[in-house]
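Read through the structure below, which is laid out as structure tokens, and then see the notes.
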Amino acid sequence: MIFERRFLLGALVVAILFPLLGWSEYVIHVGVLIMFAIMLATGFNLIVGYVGEFSLGHTAFLGIGAYTAALLSSSLGMPIYFNIVAAAVIAAIAGLFIGAVTLRLRGPFFVIVTLCFAEVLRIVANNWVSVTNGPMGIAGIVKPEWMAQQSALQQKVDFYYIGLALVVICVYFAYRFVYSFLGRAVVTIRENRFVAQSVGIWPYYYSLLAFVVASAMAGVAGAFYAHYVSYVGPEVFGFPFMISMIIMVLLGGKGTLLGPVIGPVIVVLLEEYLRDFKDLRFSIFGLVIIVVVLFLPQGLMGFVAARREQYARK
Amino acid sequence: MLQVDSITKNFGGITAVANVSFAINKGEVVSLIGPNGAGKTTCFNLITGFYQPTSGRVQFEGIDITAFDPHRVAQLGVVRTFQKTNVLPRLNVFENVLAARHLHGETSALRAFFPGRAVRVQEQRVRDEAVDLIETLGLSLRINTAAESLSCGELRLLEVAVALSAGPRLLMLDEPAAGLNTQEAEKLGEILKRLVGTRVDALLLVEHNMSLVMSVSHRVVVLNFGRKLMEGSPEQVRNSPEVIEAYLGKPVE
């Protein structure tokens, strides 16, 4: 707990200072992508790592957040801050409904039904042309007004800091979730569902709570992404986002707070490095997953930073 | 306290429990015994909501808990242990007992995200209570040991600690002495006797260790093939020809 707090604060300092070193536009762009990925992975990890159910449909909430922001911005001209909050709320509500249905299932059934929800939403986004503009997507999502006069580099730096602020909020919520009675309850459910019930923990309620919080984080990530690339298409519901989320969380260490912070840094950098390999990229990622599952089942941070409690009398 | 009215449970064509009734009063230790497959654990599952009875009723303190979910039964104060794996194996002793203290700590999700002083005070209280319980059961030396690396005897104690930590009024233990040697079972019996009236109001025990059953119980309910064979004091049960027959069979004539 203390190690985690120190590590996170250290990482925050590094992240604040990073853009001051005079990097190129491209490097800052990668930094923005990392921020986006940390939000996604932190939320996803609450479900996979703490509740212990494997969702393949987390992109549903990423997409809902992205489309919420895109529609609010393009049709009503709402500003980015409002859209991010709205995306979080709408994604949380969607999470409440989808979670209420899917969390009645467990194991492979949960995996399949969550995947179905994401796929249904992708098809809706693809075909509901009057609202989502179909496969063309929604383009021209406006950036904040004060960015209009700035250079492309400065705009990216601004987005980097907005992303960092959102990451801090998401990680704070995840931290509070894990190190409160909520985390204790979901870990009990993960470790032994029957014991959890026998001591009065309602598995469905606490799983759903984690699911809703994770959905809200994905919604925030989606809105941030929409404003950053200023375009949203049906591919935000697609499986590639899901794959990178899975790799980030598994590589970093599921069921740890630091895993979803470290994982995205490594995976996003790898994704950028491996651009030269084009389609081979995905095969290489497949191999990475196999190696992690076989040799590092707890992930990079799994050995040092799983949820632990020790007693100190005051 | 607990009133079980002619509960029946069918699994397909098999009747695991048929028309079983018994009651537990405040201050009592009641044991449920019977040969393997007699329906003792099924009875536990029926009372605590893990199974729904095919017919019959279960009442706790006048409340009909027959259709309750397991966590709601626990919230009313009926806490049971399981024959196997009644702990969180990868977590340490402290974490196990603390996790089971769930009902007595903070329960507002909003306050989990925005904690104040009150939350921290409450958290410390819950932690202190957990440690007190661990000390009471003599597990202090193992407080930071993972449950999976405890010895069999310590594991049984931890199971009792986890159940007690939930703050039960009626504690239901499913074979708490399984795998213990005679001395360890005696020690456990002492602990169980002390519990009633101090930490819990009543105790329902499923156990195969007859000397433990006979030494702690006020009443014994005997099940055989899902039916209630008899109910009585330990002496009555020990001397009943029917019970001896159920366990050992009829003498050859």
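Residue numbering restarts at 1 for every chain of the structure tokens, chains are lettered A, B, ... in their displayed order, and ligands are numbered from 1 as they appear.
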Contacts of range 61-64 of chain B at 9 Å or less, counting only C-alpha atoms, minus same-chain residues fewer than 4 places along, as a PDB file with C-alpha atoms, in the first residue's frame?
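Result written to part.pdb:
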```pdb
ATOM      1  CA  MET B   1     -34.259 -18.971  17.798  1.00  0.00           C
ATOM      2  CA  LEU B   2     -34.151 -21.197  14.748  1.00  0.00           C
ATOM      3  CA  GLN B   3     -37.188 -23.169  13.752  1.00  0.00           C
ATOM      4  CA  ARG B  57     -40.117 -23.519   6.114  1.00  0.00           C
ATOM      5  CA  PHE B  68     -33.680 -15.508   1.473  1.00  0.00           C
TER       6      PHE B  68
END
```
Could you please tell me, as a list in words, which residues of chain B have an atom within 6 Å of chain A when using only C-alpha atoms?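 Every residue meeting the condition is included here: Pro70, His71, Ala74, Gln75, Val79, Leu88, Ala99, Ala100, Ala112, Phe113 and Ala166 of chain B.
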Nearby residues (only C-alpha atoms) at most 10 Å from Gly197 in chain B, same-chain spacing under 4 positions excluded, as a ChimeraX atom specification: /B:26-28,169,193,201-203
Within range 187-309 of chain A, find each residue whose DSSP state, derived from the backbone, is helix (DSSP H, G or I), and express the selection as a VMD selection string. chain A and resid 187 to 191 193 to 198 203 to 229 234 to 237 239 to 252 259 to 277 280 to 295
May I have the residues from that selection written out with C-alpha atoms, as a CSV table (one decimal), in the first residue's frame?
```csv
chain,number,residue,atom,x,y,z
A,187,VAL,CA,-11.4,-9.7,-3.3
A,188,THR,CA,-13.3,-12.0,-1.0
A,189,ILE,CA,-15.8,-12.7,-3.8
A,190,ARG,CA,-12.9,-13.4,-6.2
A,191,GLU,CA,-11.1,-15.7,-3.7
A,193,ARG,CA,-17.7,-16.7,-3.5
A,194,PHE,CA,-19.3,-19.0,-1.0
A,195,VAL,CA,-17.4,-17.7,2.0
A,196,ALA,CA,-18.2,-14.1,0.9
A,197,GLN,CA,-21.9,-15.0,0.9
A,198,SER,CA,-21.7,-16.8,4.2
A,203,PRO,CA,-21.5,-10.7,-4.6
A,204,TYR,CA,-23.9,-9.3,-7.2
A,205,TYR,CA,-24.0,-5.9,-5.7
A,206,TYR,CA,-20.3,-5.4,-5.2
A,207,SER,CA,-19.5,-6.9,-8.7
A,208,LEU,CA,-22.0,-4.5,-10.2
A,209,LEU,CA,-20.5,-1.5,-8.3
A,210,ALA,CA,-17.0,-2.4,-9.7
A,211,PHE,CA,-18.5,-2.8,-13.1
A,212,VAL,CA,-20.2,0.6,-13.1
A,213,VAL,CA,-17.0,2.4,-11.8
A,214,ALA,CA,-15.0,0.6,-14.6
A,215,SER,CA,-17.6,1.6,-17.2
A,216,ALA,CA,-17.4,5.3,-16.1
A,217,MET,CA,-13.6,5.2,-16.5
A,218,ALA,CA,-13.9,3.7,-20.0
A,219,GLY,CA,-16.5,6.4,-20.8
A,220,VAL,CA,-14.0,9.1,-19.7
A,221,ALA,CA,-11.3,7.6,-21.8
A,222,GLY,CA,-13.6,7.5,-24.8
A,223,ALA,CA,-14.6,11.1,-24.5
A,224,PHE,CA,-10.9,12.1,-24.1
A,225,TYR,CA,-10.1,10.1,-27.2
A,226,ALA,CA,-12.9,11.6,-29.2
A,227,HIS,CA,-11.8,15.1,-28.5
A,228,TYR,CA,-8.1,14.3,-29.1
A,229,VAL,CA,-8.4,12.7,-32.5
A,234,PRO,CA,-17.7,2.4,-35.1
A,235,GLU,CA,-14.2,1.0,-34.7
A,236,VAL,CA,-14.1,2.4,-31.1
A,237,PHE,CA,-16.3,-0.6,-30.3
A,239,PHE,CA,-11.9,-5.8,-30.8
A,240,PRO,CA,-8.4,-4.3,-31.3
A,241,PHE,CA,-9.0,-1.9,-28.4
A,242,MET,CA,-10.1,-4.9,-26.3
A,243,ILE,CA,-6.9,-6.8,-27.2
A,244,SER,CA,-4.6,-4.0,-26.1
A,245,MET,CA,-6.6,-3.5,-22.9
A,246,ILE,CA,-6.1,-7.2,-22.1
A,247,ILE,CA,-2.4,-7.2,-22.9
A,248,MET,CA,-1.8,-4.1,-20.8
A,249,VAL,CA,-3.5,-5.4,-17.8
A,250,LEU,CA,-2.1,-9.0,-18.0
A,251,LEU,CA,1.4,-7.7,-18.7
A,252,GLY,CA,1.3,-5.1,-15.9
A,259,GLY,CA,0.0,-3.0,-13.3
A,260,PRO,CA,-2.5,-0.9,-15.3
A,261,VAL,CA,-0.1,2.0,-15.1
A,262,ILE,CA,3.0,0.2,-16.1
A,263,GLY,CA,1.3,-2.1,-18.7
A,264,PRO,CA,0.0,0.7,-20.9
A,265,VAL,CA,3.4,2.4,-21.0
A,266,ILE,CA,5.1,-0.7,-22.3
A,267,VAL,CA,2.3,-1.7,-24.7
A,268,VAL,CA,1.8,1.7,-26.3
A,269,LEU,CA,5.6,2.0,-26.8
A,270,LEU,CA,5.7,-1.5,-28.2
A,271,GLU,CA,2.8,-0.7,-30.5
A,272,GLU,CA,4.7,2.3,-31.8
A,273,TYR,CA,8.0,0.5,-32.2
A,274,LEU,CA,6.3,-2.4,-34.0
A,275,ARG,CA,4.6,-0.2,-36.6
A,276,ASP,CA,7.4,-1.2,-39.0
A,277,PHE,CA,6.1,-4.8,-38.9
A,280,LEU,CA,2.9,-8.9,-38.0
A,281,ARG,CA,2.3,-6.6,-35.0
A,282,PHE,CA,-0.7,-8.6,-33.9
A,283,SER,CA,1.0,-11.9,-34.1
A,284,ILE,CA,3.8,-10.5,-32.0
A,285,PHE,CA,1.2,-9.3,-29.4
A,286,GLY,CA,-0.3,-12.8,-29.4
A,287,LEU,CA,3.1,-14.2,-28.6
A,288,VAL,CA,3.6,-11.7,-25.8
A,289,ILE,CA,0.3,-12.8,-24.2
A,290,ILE,CA,1.3,-16.4,-24.4
A,291,VAL,CA,4.7,-15.7,-22.8
A,292,VAL,CA,3.1,-13.6,-20.1
A,293,VAL,CA,0.4,-16.2,-19.3
A,294,LEU,CA,3.0,-19.0,-19.2
A,295,PHE,CA,5.9,-17.4,-17.4
```
Of the candidates B:Glu135, B:Ser217, B:Phe22, B:Pro35, which one gets nearest to Leu248 in chain B if we count only C-alpha atoms?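 Result for the nearest residue to Leu248 in chain B: B:Pro35.
Here CA of Met301 in chain A and CA of Gly43 in chain A stand 16.9 Å from one another.
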From the DSSP assignment of the backbone, select every residue of range 31-236 of chain B that is strand (DSSP E or B), and format the answer as a PyMOL selection string. chain B and resi 31-33+55-60+63-64+78-80+92+146+170-174+196+200+202-206+219-224+227-232
Selection file, N, CA and C atoms, as a compact mmCIF listing (two decimals), in the first residue's frame:
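For reference, result_1.txt as written:
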```
# COMPACT_ATOMS: atom_id res chain seq x y z
N SER B 31 -26.22 -30.56 17.99
CA SER B 31 -25.40 -31.24 16.99
C SER B 31 -26.30 -31.99 16.03
N LEU B 32 -25.86 -32.01 14.79
CA LEU B 32 -26.57 -32.74 13.76
C LEU B 32 -25.62 -33.86 13.36
N ILE B 33 -26.02 -35.11 13.63
CA ILE B 33 -25.11 -36.20 13.27
C ILE B 33 -25.83 -37.20 12.37
N SER B 55 -40.03 -28.13 -0.16
CA SER B 55 -41.16 -27.71 0.66
C SER B 55 -40.67 -27.54 2.09
N GLY B 56 -41.47 -26.91 2.90
CA GLY B 56 -41.09 -26.67 4.28
C GLY B 56 -40.64 -25.23 4.49
N ARG B 57 -40.44 -24.89 5.77
CA ARG B 57 -40.12 -23.52 6.11
C ARG B 57 -38.97 -23.46 7.09
N VAL B 58 -38.20 -22.37 7.02
CA VAL B 58 -37.16 -22.10 8.00
C VAL B 58 -37.43 -20.73 8.59
N GLN B 59 -37.48 -20.65 9.91
CA GLN B 59 -37.70 -19.37 10.56
C GLN B 59 -36.56 -19.07 11.50
N PHE B 60 -36.13 -17.79 11.51
CA PHE B 60 -35.11 -17.36 12.45
C PHE B 60 -35.66 -16.18 13.22
N ILE B 63 -38.70 -14.66 11.86
CA ILE B 63 -38.70 -14.19 10.46
C ILE B 63 -38.58 -15.41 9.55
N ASP B 64 -39.45 -15.45 8.54
CA ASP B 64 -39.37 -16.56 7.58
C ASP B 64 -38.21 -16.31 6.64
N VAL B 78 -27.12 -15.44 10.96
CA VAL B 78 -26.91 -16.88 10.84
C VAL B 78 -25.70 -17.10 9.93
N VAL B 79 -24.59 -17.51 10.52
CA VAL B 79 -23.36 -17.65 9.74
C VAL B 79 -22.91 -19.10 9.80
N ARG B 80 -22.56 -19.64 8.64
CA ARG B 80 -22.14 -21.04 8.58
C ARG B 80 -20.73 -21.16 8.03
N ASN B 92 -3.74 -13.65 3.95
CA ASN B 92 -3.21 -14.05 5.25
C ASN B 92 -4.33 -14.08 6.31
N ALA B 146 -0.14 -16.72 5.19
CA ALA B 146 -1.20 -17.02 4.23
C ALA B 146 -1.99 -18.24 4.71
N LEU B 170 -26.40 -17.03 15.55
CA LEU B 170 -26.40 -18.49 15.47
C LEU B 170 -25.22 -18.90 14.59
N LEU B 171 -24.30 -19.64 15.16
CA LEU B 171 -23.13 -20.08 14.39
C LEU B 171 -23.36 -21.53 13.99
N MET B 172 -23.13 -21.82 12.71
CA MET B 172 -23.33 -23.18 12.21
C MET B 172 -22.00 -23.70 11.68
N LEU B 173 -21.45 -24.71 12.34
CA LEU B 173 -20.14 -25.22 11.94
C LEU B 173 -20.29 -26.59 11.28
N ASP B 174 -19.73 -26.70 10.07
CA ASP B 174 -19.81 -27.96 9.34
C ASP B 174 -18.48 -28.71 9.49
N VAL B 196 -20.51 -20.06 23.30
CA VAL B 196 -21.95 -19.89 23.49
C VAL B 196 -22.20 -19.07 24.74
N VAL B 200 -21.57 -15.92 20.73
CA VAL B 200 -22.74 -16.30 19.94
C VAL B 200 -23.86 -16.74 20.88
N ALA B 202 -26.18 -19.19 20.04
CA ALA B 202 -26.42 -20.63 19.92
C ALA B 202 -25.50 -21.21 18.86
N LEU B 203 -25.33 -22.52 18.92
CA LEU B 203 -24.38 -23.18 18.03
C LEU B 203 -25.04 -24.42 17.44
N LEU B 204 -24.92 -24.55 16.12
CA LEU B 204 -25.38 -25.78 15.47
C LEU B 204 -24.15 -26.43 14.85
N LEU B 205 -23.96 -27.70 15.16
CA LEU B 205 -22.71 -28.37 14.82
C LEU B 205 -23.02 -29.59 13.96
N VAL B 206 -22.27 -29.76 12.87
CA VAL B 206 -22.28 -31.04 12.17
C VAL B 206 -20.92 -31.65 12.43
N ARG B 219 -28.22 -30.97 22.95
CA ARG B 219 -29.14 -31.88 22.27
C ARG B 219 -28.49 -32.37 20.99
N VAL B 220 -28.90 -33.54 20.54
CA VAL B 220 -28.36 -34.13 19.33
C VAL B 220 -29.52 -34.54 18.43
N VAL B 221 -29.41 -34.15 17.15
CA VAL B 221 -30.41 -34.57 16.17
C VAL B 221 -29.73 -35.57 15.24
N VAL B 222 -30.33 -36.73 15.09
CA VAL B 222 -29.70 -37.77 14.25
C VAL B 222 -30.46 -37.88 12.94
N LEU B 223 -29.72 -37.79 11.83
CA LEU B 223 -30.31 -37.97 10.51
C LEU B 223 -29.82 -39.27 9.92
N ASN B 224 -30.70 -39.92 9.12
CA ASN B 224 -30.27 -41.09 8.36
C ASN B 224 -31.07 -41.14 7.07
N ARG B 227 -33.80 -38.57 6.59
CA ARG B 227 -34.91 -38.46 7.54
C ARG B 227 -34.37 -38.30 8.94
N LYS B 228 -35.21 -37.68 9.79
CA LYS B 228 -34.79 -37.54 11.18
C LYS B 228 -35.04 -38.86 11.90
N LEU B 229 -34.00 -39.40 12.46
CA LEU B 229 -34.11 -40.69 13.12
C LEU B 229 -34.55 -40.50 14.57
N MET B 230 -33.88 -39.58 15.24
CA MET B 230 -34.30 -39.27 16.61
C MET B 230 -33.66 -37.97 17.06
N GLU B 231 -34.14 -37.50 18.20
CA GLU B 231 -33.59 -36.28 18.78
C GLU B 231 -33.59 -36.47 20.28
N GLY B 232 -32.51 -36.07 20.93
CA GLY B 232 -32.49 -36.24 22.38
C GLY B 232 -31.19 -35.77 22.97
```
Between B:His102, B:Val97, B:Val126, B:Gly189, which one has atoms that come closest to Glu159 in chain B, using only C-alpha atoms? B:Val97
Closest to Val216 in chain B among B:Val29, B:Ala178, B:Val87, B:Ile24, using only C-alpha atoms?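 Of all the options, B:Val29 lies closest to Val216 in chain B.
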